[in-house]
Amino acid sequence: MFQPEQQAVEKAIFEFCVQNNIPVPSELKWVPIPFSGEWGISTSFFQLAANEAKQSGKQVNVGQRAQEIGEQIVAYLLKQFGASQTTKSPFRRADAVKGYLNLYFSTAEYSQRVVDTVLEENQHYGYCPPTGERVMVEFSQPNTHKAFHVGHLRNVILGNTVCNILEAAGSQVIRANYIGDIGLHVIKWLWNYQKFHAGEEPGDDRTRWMGDLYAEADRHLSENPELDTEVRALFARWDQRDPEVVALWQKTRQWSMDGFEQIYAKLGVHFDHVYYESEVEDSGKELVDDLIQRGIAVDERPVGPVIVRIDDILGLKKEKYRVMVILRSDGTSLYATKDIPLAIKKFEQYHLDRSIYVIDVRQSLYLQQIYKTLEIMGYPWASQCYHLAYELVNLPGNVTMSSRDGTVVLLEDLLREATQRAVEIVKEKNPSLPAETMQSVAYDVALGAIKYPMLARENIRLVTFDWESALDFNGQAAPYIQYAHVRANSILRRMETPLSPALAPLHSLDAAEIELIDLISRLSGEIQRAAVELKPLHLTNYAYDLARAFNDFYQQCPVLKADAEVRDFRLRLVAATKQTLSNSLNILGIPAPEVM
RNA sequence: GCCCCCGUAGCUUAAUGGACAGAGCAUCUGACUUCGGAUCAGACGGUUGCGUGUUCGAAUCACGCCGGGGGCGCCA
């Protein structure tokens, strides 16, 4: 937001370096001044001093020298831009402390600029202009005929939020899902259905029913291993596209898909393109033949599978990519059989600049194998495939959720429990709300409370699910942020006249106001950082900090009861805060209720 | 055996190689007849697993340990 000022100062600093024979830095890193109360940006000269020392070969005290340079630059800047009070100066004052240069802005001018900008751009505030980049994000990837539990939830929430972040940062995003609609698990399910549940239909809770039948199938088969021959026979019928089997598969697959759609709708997630494993199986098998022909893959059939010896091809002495199996010895397909043609299809269909896979960290080696194989095959875009890895959601005691062991927390149950808890709290806090509003608010709060903790930690850190903390709405959590939004709204609702037009503050700003304005101005930077690092964490932290700053302001600074000129500016500030909170929550995929 | 990830306050966790390691929970103390107390202020709590290096400067980078998790030719 303050690029022109920053650039003007940078230019002056570079001039100073040239004039004083100091090596010109390639760039200066600016950060907001960490100790607030006043408003500005800061950079340090340690690198500069260190470079200078290296060049001269002399021993110097870098800290001392950095401070010296800082002081000289302050003097130089004052000479360049004139007295601090003149309007020409890009900053109000500057000082050098411990090797840092601090630039303080004119509070009135800049606070007006921030608030005006938010209220002009509204729901687009903080968003970057289009970069022209086209990126596909593949996430969720559920298996049909299985349960959907909170382990899967992290993937959906992370993937969706990463999409929102990339869009806000100016990329064109294609949201892709990749459905595991074939494989042994499906055949097991069909076998169990035919044998014990023929003709049955799922109830309302389709996903649960599908999952229960899968667990049952698994139980039958592990208790009676001799039944495996029946399953294998069914698999063979599927492989030959026996019409009866295919019809049943299509019908039951749709049951799962309907259930997934319900879940996605509840979570506020949609997809632009849904791929199915079944649609890339045939082209995958053709591709395997092609790879054998080209000498990239080795066919060890019938004694072994078809493999790609990646390390050998690359001439690596130490094992790194190892060996990837791309087709079973009996000719049936594996994940790898299908992931290679899928990657090609994606790039050909959409002319992507980048392809991101949101998949748990355990598949890290596998995905590196896929990407490397694509590179060996000669696809120049192979290097633009990226595995966005995240850790699992485990149960206390480091127990992995498993559909076959029944150690799962179903998404439906979590949402229901959380909403129920939220209803009780809303009833207690705000009994005057109409019943319908109460329900929808409770849902917003519950959804936020579930999503926030999954986004607010490093992707690569394990999450332990326990009911108590999942249903805890206190502290650094979404409801705190939503509450700040509600409070801002509450002030604006009571406003008697329309918001005044663009306005500079006429009073001397309170520290809480400066802190709040400062945070509002940082949204765009945080979005960009989250987009570059693919880490929603930066935005969850930002939204919380912003909410905290607003609650602090709320405590310190009366709005409606303030004198007219103070009130008019503060009302605009409240409106700007509400908008910024709302934009942040939107990107995170967390609802921003008007009341709660 | 080889490779990857994690280790920060009692618990959950943050910190583009840079200023005093910042929050929340829990515990304790306080907040005006006030725009919504799902709030705010304060206290307590840290040899950033251990060690050695690199650097003017290390929670952050390198190497070695310790502890936990994960992955390694026909599972997905």
# chains A, B, ... in the order shown; residues from 1 in each chain; ligands from 1
call {"tool": "select_by_dssp", "arguments": {"residues": "range 479-576 of chain A", "states": "alpha helix (DSSP H)", "output": "PyMOL selection string"}}
result
chain A and resi 479-493+511-521+523-533+537-556+564-576
call {"tool": "residues_around", "arguments": {"residues": "C25 in chain B", "least_positions_apart": "6", "cutoff": "8 Å", "atoms": "only C-alpha atoms (C1' of nucleotides)", "output": "ChimeraX atom specification"}}
result
/A:475 /B:11-12
call {"tool": "write_last_selection", "arguments": {"atoms": "all heavy atoms", "output": "short mmCIF file (atom, residue, chain, number, x, y, z; two decimals), in the first residue's frame"}}
result
data_model
loop_
_atom_site.label_atom_id
_atom_site.label_comp_id
_atom_site.auth_asym_id
_atom_site.auth_seq_id
_atom_site.Cartn_x
_atom_site.Cartn_y
_atom_site.Cartn_z
N GLY A 475 -10.84 -18.86 23.08
CA GLY A 475 -9.45 -18.61 22.78
C GLY A 475 -9.20 -18.30 21.31
O GLY A 475 -10.07 -17.76 20.63
P C B 11 3.76 -30.22 28.25
OP1 C B 11 4.17 -31.56 27.81
OP2 C B 11 4.57 -29.05 27.87
"O5'" C B 11 2.26 -29.99 27.78
"C5'" C B 11 1.29 -31.02 27.90
"C4'" C B 11 -0.04 -30.54 27.33
"O4'" C B 11 -0.49 -29.40 28.10
"C3'" C B 11 0.04 -30.01 25.91
"O3'" C B 11 -0.06 -31.05 24.95
"C2'" C B 11 -1.14 -29.05 25.85
"O2'" C B 11 -2.36 -29.72 25.68
"C1'" C B 11 -1.10 -28.45 27.25
N1 C B 11 -0.31 -27.20 27.31
C2 C B 11 -0.87 -26.03 26.79
O2 C B 11 -2.00 -26.09 26.29
N3 C B 11 -0.17 -24.88 26.85
C4 C B 11 1.03 -24.85 27.40
N4 C B 11 1.69 -23.70 27.43
C5 C B 11 1.64 -26.03 27.93
C6 C B 11 0.94 -27.17 27.86
P U B 12 0.65 -30.90 23.53
OP1 U B 12 0.46 -32.18 22.82
OP2 U B 12 2.01 -30.36 23.74
"O5'" U B 12 -0.22 -29.79 22.81
"C5'" U B 12 -1.57 -30.07 22.41
"C4'" U B 12 -2.15 -28.89 21.67
"O4'" U B 12 -2.31 -27.77 22.59
"C3'" U B 12 -1.27 -28.30 20.57
"O3'" U B 12 -1.37 -29.05 19.37
"C2'" U B 12 -1.86 -26.90 20.42
"O2'" U B 12 -3.08 -26.92 19.74
"C1'" U B 12 -2.12 -26.54 21.89
N1 U B 12 -0.98 -25.82 22.48
C2 U B 12 -0.90 -24.46 22.25
O2 U B 12 -1.73 -23.86 21.60
N3 U B 12 0.18 -23.84 22.82
C4 U B 12 1.18 -24.44 23.57
O4 U B 12 2.10 -23.75 24.01
C5 U B 12 1.03 -25.85 23.75
C6 U B 12 -0.02 -26.48 23.21
#
call {"tool": "interface_residues", "arguments": {"of": "chain B", "to": "chain A", "cutoff": "12 Å", "atoms": "only C-alpha atoms (C1' of nucleotides)", "output": "JSON, numbers by chain"}}
result
{"B": [2, 3, 4, 5, 6, 7, 11, 12, 13, 14, 15, 16, 17, 18, 19, 20, 22, 23, 24, 25, 26, 31, 32, 34, 35, 36, 37, 38, 39, 40, 41, 55, 56, 57, 68, 69, 70, 71, 72, 73, 74, 75, 76]}
call {"tool": "residues_around", "arguments": {"residues": "range 514-519 of chain A", "least_positions_apart": "3", "cutoff": "10 Å", "atoms": "only C-alpha atoms (C1' of nucleotides)", "output": "VMD selection string"}}
result
chain A and resid 32 35 to 40 107 to 108 110 to 115 509 to 511 522 to 523 542 to 543 545 to 553 573 to 574 576 to 577 580
call {"tool": "residues_around", "arguments": {"residues": "Gln420 in chain A", "least_positions_apart": "2", "cutoff": "12 Å", "atoms": "only C-alpha atoms (C1' of nucleotides)", "output": "list of chain:residue names"}}
result
A:Asp413, A:Leu414, A:Leu415, A:Arg416, A:Glu417, A:Ala418, A:Ala422, A:Val423, A:Glu424, A:Ile425, A:Val426, A:Lys427, A:Met438, A:Gln439, A:Ser440, A:Val441, A:Ala442, A:Tyr443, A:Asp444, A:Val445, A:Ala446, A:Leu447, A:Leu471
call {"tool": "atom_distance", "arguments": {"atom1": "CA of Ala592 in chain A", "atom2": "CA of Val358 in chain A"}}
result
26.0 Å
